[in-house]
There are 2 protein chains.
Amino acid sequence: MRRSSWSGKAWMLVAALLVGGTVMRAQSQSQPEPNLMPMPASVKTGDGLLKIEPTFHVTFSGYREARLDRAGQRFMIQLGQRTGMVFAHTASAAGPALAITTDRDGKAIQEVGEDESYSLEVKPDGATLHAANPLGVLRGLQTFLQLVSVSPDGFVAQAVRIEDQPRFPWRGLMIDVARHFVPMDVLKRNLDGMEAVKMNVFHWHLSENQGFRAESRKFPKLHELGSDSQYYTQEEIRDLIAYARDRGIRVVPEFDMPGHNTAWFVGYPEIASGSGPYAIERKWGVFDPAMDPANEKTYKFLNELIGEMSKLFSDQFFHIGGDEVNGKEWERNPKIQEFMKSHKIKSNEALQAYFSGRVQDLVTKHGKTAVGWDEILVPGVPKTIVIQSWRGADALTAAAKQGYRGILSNGYYLDLGWTAARHYGYDPMGGAAADLNDQQKKLILGGESCMWSEYVNAENIDSRIWPRNAAIAERFWSPQSTTDVQSMYRRMESESHRLEWLGLTHVTYQRKMLQRAAGMASPQEFLALTVLTRSLEPVKDYGREELAPTEPTSQTPLHRVVDAVLLESETSRRFSVAVDRYLASSCQDAAGAARLREQLQEWADNNSRLEALAQRSFLVKEAVPASAALSQSAAIGLAALDRIAQGAPASDDVKKQQSDLLKAAEIQAHKSQLTIPALGAMQKLVDASSNGGACSARK
Amino acid sequence: MRRSSWSGKAWMLVAALLVGGTVMRAQSQSQPEPNLMPMPASVKTGDGLLKIEPTFHVTFSGYREARLDRAGQRFMIQLGQRTGMVFAHTASAAGPALAITTDRDGKAIQEVGEDESYSLEVKPDGATLHAANPLGVLRGLQTFLQLVSVSPDGFVAQAVRIEDQPRFPWRGLMIDVARHFVPMDVLKRNLDGMEAVKMNVFHWHLSENQGFRAESRKFPKLHELGSDSQYYTQEEIRDLIAYARDRGIRVVPEFDMPGHNTAWFVGYPEIASGSGPYAIERKWGVFDPAMDPANEKTYKFLNELIGEMSKLFSDQFFHIGGDEVNGKEWERNPKIQEFMKSHKIKSNEALQAYFSGRVQDLVTKHGKTAVGWDEILVPGVPKTIVIQSWRGADALTAAAKQGYRGILSNGYYLDLGWTAARHYGYDPMGGAAADLNDQQKKLILGGESCMWSEYVNAENIDSRIWPRNAAIAERFWSPQSTTDVQSMYRRMESESHRLEWLGLTHVTYQRKMLQRAAGMASPQEFLALTVLTRSLEPVKDYGREELAPTEPTSQTPLHRVVDAVLLESETSRRFSVAVDRYLASSCQDAAGAARLREQLQEWADNNSRLEALAQRSFLVKEAVPASAALSQSAAIGLAALDRIAQGAPASDDVKKQQSDLLKAAEIQAHKSQLTIPALGAMQKLVDASSNGGACSARK
């Protein structure tokens, strides 16, 4: 990223000003960092502001098509939402405009690696957007919208010159609509979000043990018996593909096989390896059912199904899954064992490779390119396939060295509850990939974030995807050097609000969930629950399963506090940053200490208030262990601050006791399936306030 | 209303507990007042609770139809939203159910006065709902949903026996979709809200000077040239009527004439009295253009249009408007003057009566019954017409005495920004109507709240209708004796949250508007703006026009603070109640004084914080005069509390000076087109703290 009008020092100053929420300076001074995410390849801020008036409009020149017109209309609607302004119904020659020039058309079916570059210049008298094809226009329009802000004189866009193009051609979001069904309107608003952050692949994970979600006219029992009536009609699927295309997004369907297929077998047990009958799976995990790779019926079935779905889904790529087959049904089936012997197939892995090769042939026959998870990469598989790696950069690098294209998903599993910073730290070119040669590097097409849906439904899924997905989108779009975590968080917060304007509900969903849990009271009444939920996070990784009191299923209500809590606590993140800053001052920063004390006091006092709420709601009651743990650990933090202020460091015994209590607090929070993200910072305070600690000698 | 299991004293105790937000008592004790709105005719609370489990389901017996099935499905969806539970996909015999019995079908086209009564009994082992026809089932299902709450043991419905029927057969909401267009989805969610509070008439005000919003195939220039492309297609209209019917709501269209027709004349100047050409009106008010009542072309046109619209709108009633004709175009048109002479028509009123009679004949010819505003009631008009009174109870009473049916809208204009309590105080049987005989009383069919749309759009319209409309709905449904304002506010707040669950946005819309005004910051950053907006209200009645710095039009953005502020400030209302309570204690209630002081201090301190926000936003800046006025008046309130605490009453001079300052504060707030609803309470503090005041001798 080049940012020529800036010196590093001025940058930091402005960043500090913005963090404090303070006022912007006069226009003649240097401009603040624009709230752009993903950060463009090159940004040069200019002088002055373009005022957005009711006469503002877009004009098109060069290549024209209906998709561009619709993009222009959508742009004006979004600008209207942003400004609350009513724009004149017809474009008039008067007043400033955004003049859009498009050189030529894009592909009829959007392809990997199409030119998405654009140039955007905003000046006080108007703006210009130039792109090689419609995709670049879509990207530039979103950048323009991010530049719009309110000012003392009205709504404005900051003067700027931007040259931009993506780092990777494949920038995806996978949504598992099978474990929990995700309705069409929810998918559409997430596609709006993807467009906003310039993602270009929607990977639609359509089938699982728990559901088959696409209407099949060839095999109607797939959706009729395998979906609990929750599936997408072919008309809806075509509608979504068109909706995605309008936003410069490809739609890659996934039909995972030969495992993860229980829901298929409810209607078609004849292609399964077991004896059936099968029922839709309600639990989570890896299960025994698998397709019968030894039976020609299976391939006849798949030939017809892949043929049908290849026509329905227009994209060049067709995802066949291929992950997590445990082989148990194969081992129990004598015919399959006999087949393996007669074909000299020595292992389950080899049997899967055989199956996978047959399916890839079918995909090729129907004119598509196969994508699959790591497991499909076995010796001899054709070089055309694309590997999606859940295992990691090493696997991807190994594939690239063999000449296979790959996309990285390891590091981007949204359901694991990691922080945005942690996702942001993963790079498709990171680790072993850094040593690839240029030819091999080109085989790394990009990455995909993955939203596995054990614990999401229409109500909370947005909050599990956003805003963290914006940080991942930046990783895939922006230059590799864009790595400043503080800047990322600042811009992600701004973009998060914009995403809500577009219709996503990742911020506002929570109010309803807390009202439900607290008992339909007004937010003032359940303030203690709000304080709790904005301070804690759900347990990470696969902790929900490990710590569940009873085994969760697809029927388990997702109405608990752990389902309402945001995956990353901004309150706790800020507290941790503030602790680091305070310790960096060698505990000399009295104002900093006061702010820490204020937060700790709020936490320390919160549990008694929460317990009152818990007496009227089983859902709040369930969060009491975590709430008590938060209050107890905050009290330990306060005591540490006291010791620092008094210059009375803790003995080793006291330090150990306090540290043990903090560890116990975390264990206790787990009873509510929650975690206390500020514990690390509290431990730092304990350490610093102890004998030999950084601030043990203060006074 | 009969509530047999209650003594008045227990009732007040429970109310006090609820106000404090404190915990409910054990089941064996008396139950709290159920959060029912509108309050049913008879409620007997019983012992115990019905647990809502995933097996909970509805069963139907007696008369069946698809509308009932859909109502059952919608009920389960709403119950799912309320509880966050996943209900089994198929009704099972196991577990408690709501058993619904319907005696017979309703009318194919819903009629005025159809039986809407129902009986609902909830017991720990199940619930029963019995109704004469599907309308009663719809009403009872909403009552059941209001009974559901969270408890220490899960989600429950309180045991209760309810016998219920409406007081009036016509309980309507009018929405003006012409001055500002209201999209289909916004109308639908408002119909959901109407169903929730048992309203049964959606009065669709479809045409105005500013727009003609219904597709006409006979006269396509009506919507093509008269709507800025913002109109409903006939397909959409049929869809909305079906949607309304599913919810037990009749749809009465209004085509206002012979005034309020400028938008018609853009395409069809030949039916106007002036010479044209006409353009869509952009301003607000009463304008000169009027239909030509002297030209047979006009009646030919209206015959065809009313014929077309009578087929499209299935309801028996057809609203022809008839209000606010200033007659100026008639006076300027020689042909019309000649017509009046030759027909011995002596006044504009008489000319309108002639026109009105002709139009009523057309309405009758097409099989409909005419409804109109007060102005259509002239001597000799047929007794079949229905008068909608914007003038008031006296006009309605006079009409009833002459044998005309009527509905009251005076007192229920939602756009005037009155408090819920003020609307609630109006009664269709109030004033002169109380003296009508029983026969005449039957002619008062009910009432309609009216949402005139000068200052609403899709974004803020819900907040202008709800929750106050729920109080009006109660006035129309519940027994006349249901008048406890405190109870109304308590139940309205609860119902308000439920309405948001149903999809209305009257609470959550504000966050986006404030973010926009403040500059897309997080709520913590614009707290001062939130404090301001929850404390103030827009100026009342027609103050927006009177106090506007420049004349507002339909193109004026509705993005200002005055557009975001709620029409009734709950914060200020509570403050005023608390002041009354404090004064009733003769200022002895120290805790009460402390709470008042806390609120006043927040207000007093708020302006300095708001001014910082105002430096970066023109929209916040505009609210600074009101903000400063709030802070200044709060300081006066604090000084009054000080004088009371010190036993140092103000002299008459000081009292006058302080009172003048409070008056000046209100004038200053008007600069922002805002009002300070707590000023009255502050004046009471000043009075009480002055020489001779109620608390002047405290110590």
# chains A, B, ... in the order shown; residues from 1 in each chain; ligands from 1

$ closest_atom_pairs --of "chain B" --to "chain A" --cutoff "7 Å" --atoms "only C-alpha atoms" --output "JSON lines"
{"residue": "B:Gly21", "atom": "CA", "partner": "A:Glu525", "partner_atom": "CA", "distance": 6.7}
{"residue": "B:Val23", "atom": "CA", "partner": "A:Arg616", "partner_atom": "CA", "distance": 6.1}
{"residue": "B:Met24", "atom": "CA", "partner": "A:Arg616", "partner_atom": "CA", "distance": 7.0}
{"residue": "B:Arg82", "atom": "CA", "partner": "A:Arg516", "partner_atom": "CA", "distance": 6.6}
{"residue": "B:Thr83", "atom": "CA", "partner": "A:Arg516", "partner_atom": "CA", "distance": 6.7}
{"residue": "B:Gly84", "atom": "CA", "partner": "A:His559", "partner_atom": "CA", "distance": 5.0}
{"residue": "B:Met85", "atom": "CA", "partner": "A:Pro557", "partner_atom": "CA", "distance": 4.8}
{"residue": "B:Val86", "atom": "CA", "partner": "A:Pro557", "partner_atom": "CA", "distance": 5.9}
{"residue": "B:Ser149", "atom": "CA", "partner": "A:Gly519", "partner_atom": "CA", "distance": 6.2}
{"residue": "B:Val150", "atom": "CA", "partner": "A:Gly519", "partner_atom": "CA", "distance": 5.2}
{"residue": "B:Ser151", "atom": "CA", "partner": "A:Ser617", "partner_atom": "CA", "distance": 4.7}
{"residue": "B:Pro152", "atom": "CA", "partner": "A:Phe618", "partner_atom": "CA", "distance": 4.4}
{"residue": "B:Asp153", "atom": "CA", "partner": "A:Phe618", "partner_atom": "CA", "distance": 5.6}
{"residue": "B:Gly154", "atom": "CA", "partner": "A:Phe618", "partner_atom": "CA", "distance": 5.8}
{"residue": "B:Ser494", "atom": "CA", "partner": "A:Met520", "partner_atom": "CA", "distance": 6.9}
{"residue": "B:His497", "atom": "CA", "partner": "A:Met520", "partner_atom": "CA", "distance": 6.6}
{"residue": "B:Arg516", "atom": "CA", "partner": "A:Arg82", "partner_atom": "CA", "distance": 6.6}
{"residue": "B:Gly519", "atom": "CA", "partner": "A:Val150", "partner_atom": "CA", "distance": 5.2}
{"residue": "B:Met520", "atom": "CA", "partner": "A:His497", "partner_atom": "CA", "distance": 6.7}
{"residue": "B:Glu525", "atom": "CA", "partner": "A:Gly21", "partner_atom": "CA", "distance": 6.7}
{"residue": "B:Gln555", "atom": "CA", "partner": "A:Val86", "partner_atom": "CA", "distance": 6.1}
{"residue": "B:Pro557", "atom": "CA", "partner": "A:Met85", "partner_atom": "CA", "distance": 4.8}
{"residue": "B:Leu558", "atom": "CA", "partner": "A:Gly84", "partner_atom": "CA", "distance": 6.5}
{"residue": "B:His559", "atom": "CA", "partner": "A:Gly84", "partner_atom": "CA", "distance": 5.0}
{"residue": "B:Gln615", "atom": "CA", "partner": "A:Pro152", "partner_atom": "CA", "distance": 6.2}
{"residue": "B:Arg616", "atom": "CA", "partner": "A:Pro152", "partner_atom": "CA", "distance": 5.0}
{"residue": "B:Ser617", "atom": "CA", "partner": "A:Pro152", "partner_atom": "CA", "distance": 4.4}
{"residue": "B:Phe618", "atom": "CA", "partner": "A:Pro152", "partner_atom": "CA", "distance": 4.4}

$ residues_around --residues "stretch 58-66 of chain A" --least-positions-apart "2" --cutoff "8 Å" --atoms "only C-alpha atoms" --output "list of chain:residue names"
A:Phe56, A:Leu68, A:Asp69, A:Arg70, A:Gly72, A:Ala91, A:Ala97, A:Leu98, A:Ala99, A:Ile100, A:Thr101, A:Thr102, A:Asp103, A:Arg104, A:Asp105

$ select_by_dssp --residues "stretch 26-72 of chain B" --states "alpha helix (DSSP H)" --output "PyMOL selection string"
chain B and resi 66-72

$ residues_around --residues "stretch 270-286 of chain A" --least-positions-apart "6" --cutoff "9 Å" --atoms "only C-alpha atoms" --output "ChimeraX atom specification"
/A:179,208-211,225-228,259-264,292-295,297-299,301,324-326,329-330,332-333,336,454,545,551-555

$ residues_around --residues "B:Leu187" --least-positions-apart "3" --cutoff "12 Å" --atoms "only C-alpha atoms" --output "short mmCIF file (atom, residue, chain, number, x, y, z; two decimals) with all heavy atoms, in the first residue's frame"
data_model
loop_
_atom_site.label_atom_id
_atom_site.label_comp_id
_atom_site.auth_asym_id
_atom_site.auth_seq_id
_atom_site.Cartn_x
_atom_site.Cartn_y
_atom_site.Cartn_z
N LEU B 173 -56.82 2.11 11.40
CA LEU B 173 -55.62 2.94 11.25
C LEU B 173 -55.60 3.43 9.82
O LEU B 173 -55.69 2.63 8.88
CB LEU B 173 -54.36 2.12 11.53
CG LEU B 173 -53.02 2.75 11.10
CD1 LEU B 173 -52.73 4.04 11.87
CD2 LEU B 173 -51.86 1.77 11.31
N MET B 174 -55.54 4.74 9.65
CA MET B 174 -55.37 5.31 8.32
C MET B 174 -53.90 5.66 8.10
O MET B 174 -53.28 6.26 8.98
CB MET B 174 -56.21 6.58 8.16
CG MET B 174 -56.20 7.10 6.73
SD MET B 174 -56.26 8.90 6.63
CE MET B 174 -54.55 9.30 7.00
N ILE B 175 -53.38 5.25 6.96
CA ILE B 175 -52.03 5.68 6.60
C ILE B 175 -52.09 6.43 5.28
O ILE B 175 -52.61 5.93 4.28
CB ILE B 175 -51.05 4.48 6.50
CG1 ILE B 175 -50.94 3.77 7.85
CG2 ILE B 175 -49.68 4.97 6.05
CD1 ILE B 175 -49.97 2.60 7.87
N ASP B 176 -51.57 7.64 5.31
CA ASP B 176 -51.46 8.48 4.12
C ASP B 176 -50.18 8.05 3.38
O ASP B 176 -49.07 8.34 3.84
CB ASP B 176 -51.38 9.94 4.59
CG ASP B 176 -50.98 10.92 3.48
OD1 ASP B 176 -50.92 10.51 2.31
OD2 ASP B 176 -50.73 12.09 3.83
N VAL B 177 -50.37 7.36 2.29
CA VAL B 177 -49.21 6.87 1.52
C VAL B 177 -48.93 7.79 0.34
O VAL B 177 -48.13 7.46 -0.53
CB VAL B 177 -49.44 5.44 1.00
CG1 VAL B 177 -49.66 4.48 2.15
CG2 VAL B 177 -50.63 5.41 0.03
N PHE B 181 -44.54 8.35 0.01
CA PHE B 181 -44.86 6.97 -0.35
C PHE B 181 -44.40 6.02 0.76
O PHE B 181 -43.34 6.23 1.36
CB PHE B 181 -44.17 6.61 -1.67
CG PHE B 181 -44.49 5.22 -2.16
CD1 PHE B 181 -45.76 4.90 -2.58
CD2 PHE B 181 -43.51 4.25 -2.20
CE1 PHE B 181 -46.08 3.63 -3.03
CE2 PHE B 181 -43.80 2.97 -2.66
CZ PHE B 181 -45.08 2.66 -3.08
N VAL B 182 -45.20 5.01 1.01
CA VAL B 182 -44.85 4.01 2.03
C VAL B 182 -44.76 2.65 1.34
O VAL B 182 -45.75 2.15 0.82
CB VAL B 182 -45.92 3.96 3.15
CG1 VAL B 182 -45.53 2.96 4.22
CG2 VAL B 182 -46.11 5.35 3.76
N PRO B 183 -43.57 2.05 1.31
CA PRO B 183 -43.41 0.79 0.57
C PRO B 183 -44.24 -0.36 1.15
O PRO B 183 -44.64 -0.34 2.32
CB PRO B 183 -41.91 0.49 0.71
CG PRO B 183 -41.27 1.78 1.10
CD PRO B 183 -42.31 2.53 1.88
N MET B 184 -44.46 -1.36 0.33
CA MET B 184 -45.27 -2.51 0.68
C MET B 184 -44.82 -3.18 1.98
O MET B 184 -45.64 -3.54 2.82
CB MET B 184 -45.22 -3.55 -0.44
CG MET B 184 -46.11 -3.25 -1.62
SD MET B 184 -47.88 -3.49 -1.25
CE MET B 184 -47.98 -5.28 -1.30
N ASN B 190 -46.86 -2.95 9.42
CA ASN B 190 -47.86 -2.21 10.20
C ASN B 190 -49.18 -2.97 10.30
O ASN B 190 -49.87 -2.87 11.32
CB ASN B 190 -48.04 -0.81 9.62
CG ASN B 190 -46.99 0.16 10.14
OD1 ASN B 190 -47.10 0.62 11.27
ND2 ASN B 190 -45.95 0.42 9.36
N LEU B 191 -49.50 -3.74 9.29
CA LEU B 191 -50.67 -4.63 9.40
C LEU B 191 -50.43 -5.70 10.47
O LEU B 191 -51.33 -6.06 11.22
CB LEU B 191 -50.98 -5.27 8.04
CG LEU B 191 -51.56 -4.32 6.98
CD1 LEU B 191 -51.65 -5.02 5.62
CD2 LEU B 191 -52.94 -3.81 7.38
N ASP B 192 -49.19 -6.19 10.53
CA ASP B 192 -48.86 -7.13 11.61
C ASP B 192 -49.10 -6.47 12.97
O ASP B 192 -49.62 -7.10 13.89
CB ASP B 192 -47.39 -7.57 11.51
CG ASP B 192 -47.12 -8.44 10.29
OD1 ASP B 192 -48.08 -8.99 9.71
OD2 ASP B 192 -45.94 -8.56 9.91
N GLY B 193 -48.69 -5.22 13.07
CA GLY B 193 -48.90 -4.49 14.31
C GLY B 193 -50.38 -4.31 14.62
O GLY B 193 -50.82 -4.46 15.76
N MET B 194 -51.16 -4.00 13.58
CA MET B 194 -52.60 -3.85 13.78
C MET B 194 -53.21 -5.15 14.28
O MET B 194 -54.03 -5.16 15.21
CB MET B 194 -53.27 -3.43 12.46
CG MET B 194 -52.91 -2.02 12.02
SD MET B 194 -53.61 -1.65 10.37
CE MET B 194 -55.37 -1.66 10.75
N PHE B 202 -57.79 -1.22 7.85
CA PHE B 202 -56.69 -0.43 7.31
C PHE B 202 -57.28 0.51 6.27
O PHE B 202 -57.77 0.10 5.22
CB PHE B 202 -55.62 -1.32 6.68
CG PHE B 202 -54.59 -0.53 5.90
CD1 PHE B 202 -53.94 0.56 6.48
CD2 PHE B 202 -54.25 -0.87 4.60
CE1 PHE B 202 -53.00 1.30 5.77
CE2 PHE B 202 -53.30 -0.14 3.88
CZ PHE B 202 -52.68 0.95 4.47
N HIS B 203 -57.26 1.78 6.60
CA HIS B 203 -57.77 2.83 5.71
C HIS B 203 -56.58 3.35 4.92
O HIS B 203 -55.66 3.93 5.48
CB HIS B 203 -58.43 3.90 6.60
CG HIS B 203 -58.84 5.15 5.90
ND1 HIS B 203 -59.60 6.12 6.51
CD2 HIS B 203 -58.62 5.62 4.65
CE1 HIS B 203 -59.82 7.13 5.68
NE2 HIS B 203 -59.22 6.85 4.56
N TRP B 204 -56.64 3.09 3.62
CA TRP B 204 -55.48 3.32 2.75
C TRP B 204 -55.71 4.62 1.98
O TRP B 204 -56.44 4.62 0.97
CB TRP B 204 -55.38 2.13 1.78
CG TRP B 204 -54.03 1.86 1.21
CD1 TRP B 204 -52.92 2.65 1.25
CD2 TRP B 204 -53.64 0.68 0.48
NE1 TRP B 204 -51.87 2.04 0.62
CE2 TRP B 204 -52.29 0.83 0.13
CE3 TRP B 204 -54.30 -0.49 0.10
CZ2 TRP B 204 -51.59 -0.14 -0.61
CZ3 TRP B 204 -53.61 -1.45 -0.63
CH2 TRP B 204 -52.27 -1.28 -0.97
N TYR B 232 -48.43 1.53 -6.08
CA TYR B 232 -48.65 0.10 -5.90
C TYR B 232 -49.27 -0.46 -7.16
O TYR B 232 -50.25 0.10 -7.68
CB TYR B 232 -49.59 -0.16 -4.72
CG TYR B 232 -49.19 0.60 -3.47
CD1 TYR B 232 -49.82 1.78 -3.12
CD2 TYR B 232 -48.16 0.14 -2.65
CE1 TYR B 232 -49.45 2.49 -1.98
CE2 TYR B 232 -47.79 0.84 -1.51
CZ TYR B 232 -48.43 2.01 -1.19
OH TYR B 232 -48.06 2.71 -0.06
N GLU B 236 -49.87 -5.90 -6.36
CA GLU B 236 -49.46 -5.61 -4.98
C GLU B 236 -50.68 -5.28 -4.11
O GLU B 236 -50.76 -5.67 -2.94
CB GLU B 236 -48.47 -4.44 -4.96
CG GLU B 236 -47.09 -4.82 -5.46
CD GLU B 236 -46.15 -3.62 -5.57
OE1 GLU B 236 -46.61 -2.49 -5.85
OE2 GLU B 236 -44.93 -3.82 -5.39
N ILE B 237 -51.62 -4.55 -4.68
CA ILE B 237 -52.82 -4.18 -3.92
C ILE B 237 -53.61 -5.43 -3.56
O ILE B 237 -54.03 -5.60 -2.40
CB ILE B 237 -53.67 -3.18 -4.73
CG1 ILE B 237 -52.93 -1.83 -4.79
CG2 ILE B 237 -55.06 -3.02 -4.14
CD1 ILE B 237 -53.50 -0.83 -5.79
N ASP B 239 -52.42 -8.36 -3.26
CA ASP B 239 -51.59 -9.07 -2.29
C ASP B 239 -51.80 -8.49 -0.90
O ASP B 239 -51.96 -9.22 0.09
CB ASP B 239 -50.12 -8.97 -2.73
CG ASP B 239 -49.16 -9.58 -1.73
OD1 ASP B 239 -49.48 -10.65 -1.20
OD2 ASP B 239 -48.08 -9.00 -1.50
N LEU B 240 -51.82 -7.16 -0.80
CA LEU B 240 -51.99 -6.54 0.51
C LEU B 240 -53.37 -6.82 1.10
O LEU B 240 -53.51 -7.04 2.30
CB LEU B 240 -51.75 -5.03 0.45
CG LEU B 240 -51.54 -4.45 1.86
CD1 LEU B 240 -50.06 -4.52 2.22
CD2 LEU B 240 -52.06 -3.05 2.01
N ILE B 241 -54.37 -6.81 0.23
CA ILE B 241 -55.73 -7.09 0.71
C ILE B 241 -55.81 -8.52 1.26
O ILE B 241 -56.41 -8.78 2.31
CB ILE B 241 -56.76 -6.86 -0.41
CG1 ILE B 241 -56.84 -5.35 -0.73
CG2 ILE B 241 -58.14 -7.39 -0.03
CD1 ILE B 241 -57.61 -5.01 -2.00
N TYR B 243 -53.28 -10.21 2.42
CA TYR B 243 -52.46 -10.19 3.64
C TYR B 243 -53.29 -9.66 4.81
O TYR B 243 -53.25 -10.21 5.92
CB TYR B 243 -51.25 -9.28 3.38
CG TYR B 243 -50.14 -9.35 4.40
CD1 TYR B 243 -49.09 -10.24 4.24
CD2 TYR B 243 -50.13 -8.50 5.50
CE1 TYR B 243 -48.05 -10.28 5.17
CE2 TYR B 243 -49.09 -8.54 6.42
CZ TYR B 243 -48.06 -9.43 6.25
OH TYR B 243 -47.03 -9.46 7.16
N ALA B 244 -54.04 -8.60 4.54
CA ALA B 244 -54.88 -8.01 5.58
C ALA B 244 -55.99 -8.98 5.99
O ALA B 244 -56.26 -9.17 7.18
CB ALA B 244 -55.47 -6.70 5.10
N VAL B 251 -59.70 -3.66 4.27
CA VAL B 251 -58.93 -2.59 3.61
C VAL B 251 -59.91 -1.65 2.92
O VAL B 251 -60.61 -2.03 1.99
CB VAL B 251 -57.95 -3.16 2.58
CG1 VAL B 251 -57.22 -2.02 1.85
CG2 VAL B 251 -56.94 -4.09 3.26
N ASN B 457 -41.35 8.93 6.61
CA ASN B 457 -40.97 8.11 5.46
C ASN B 457 -40.80 6.67 5.95
O ASN B 457 -41.09 6.37 7.12
CB ASN B 457 -39.70 8.66 4.80
CG ASN B 457 -38.52 8.70 5.76
OD1 ASN B 457 -38.57 8.12 6.85
ND2 ASN B 457 -37.47 9.40 5.37
N ALA B 458 -40.33 5.82 5.07
CA ALA B 458 -40.22 4.40 5.44
C ALA B 458 -39.37 4.21 6.69
O ALA B 458 -39.58 3.27 7.45
CB ALA B 458 -39.63 3.61 4.27
N ILE B 461 -41.61 6.09 9.97
CA ILE B 461 -43.07 6.05 10.10
C ILE B 461 -43.53 5.14 11.25
O ILE B 461 -44.46 5.48 11.98
CB ILE B 461 -43.77 5.65 8.77
CG1 ILE B 461 -45.30 5.82 8.91
CG2 ILE B 461 -43.41 4.24 8.34
CD1 ILE B 461 -46.05 5.67 7.60
N ASP B 462 -42.85 4.00 11.42
CA ASP B 462 -43.27 3.10 12.51
C ASP B 462 -43.25 3.85 13.84
O ASP B 462 -44.15 3.67 14.68
CB ASP B 462 -42.33 1.89 12.61
CG ASP B 462 -42.46 0.96 11.42
OD1 ASP B 462 -43.22 1.27 10.49
OD2 ASP B 462 -41.78 -0.09 11.44
N ILE B 465 -46.26 5.95 14.45
CA ILE B 465 -47.51 5.21 14.68
C ILE B 465 -47.48 4.48 16.03
O ILE B 465 -48.44 4.53 16.80
CB ILE B 465 -47.74 4.19 13.53
CG1 ILE B 465 -47.89 4.93 12.19
CG2 ILE B 465 -48.96 3.33 13.82
CD1 ILE B 465 -48.00 4.03 10.98
N GLY B 503 -41.55 -7.26 13.85
CA GLY B 503 -40.91 -6.68 12.68
C GLY B 503 -41.02 -5.18 12.58
O GLY B 503 -40.42 -4.57 11.69
N LEU B 504 -41.79 -4.56 13.45
CA LEU B 504 -41.85 -3.10 13.43
C LEU B 504 -40.52 -2.54 13.93
O LEU B 504 -39.76 -3.22 14.63
CB LEU B 504 -43.02 -2.62 14.29
CG LEU B 504 -44.37 -2.85 13.59
CD1 LEU B 504 -45.52 -2.88 14.56
CD2 LEU B 504 -44.59 -1.78 12.51
#

$ atom_distance --atom1 "atom CA of A:Gln440" --atom2 "atom CA of A:Lys107"
25.8 Å

$ residues_around --residues "A:Gly126" --least-positions-apart "5" --cutoff "12 Å" --atoms "only C-alpha atoms" --output "ChimeraX atom specification"
/A:48-53,55-59,94-100,120-121,144,156-160

$ atom_distance --atom1 "atom CA of B:Ala132" --atom2 "atom CA of B:Phe168"
17.3 Å

$ select_by_dssp --residues "stretch 161-322 of chain B" --states "strand (DSSP E)" --output "count of residues only"
28

$ atom_distance --atom1 "atom CA of B:Val378" --atom2 "atom CA of B:Leu351"
11.0 Å

$ residues_around --residues "A:Leu362" --least-positions-apart "2" --cutoff "12 Å" --atoms "only C-alpha atoms" --output "list in words"
Thr298, Tyr299, Lys300, Phe301, Leu302, Asn303, Glu304, Leu305, Ile306, Gly307, Glu308, Met309, Ser310, Phe318, Ile320, Phe355, Ser356, Gly357, Arg358, Val359, Gln360, Thr364, Lys365, His366, Gly367, Lys368, Thr369 and Ala370 of chain A

$ residues_around --residues "B:Glu224" --least-positions-apart "6" --cutoff "9 Å" --atoms "only C-alpha atoms" --output "list in words"
Phe212, Glu215, Gln230, Tyr231 and Gly267 of chain B

$ closest_residue --among "B:Lys123, B:His130, B:Lys344, B:Lys44" --to "B:Arg161" --atoms "only C-alpha atoms"
B:Lys44
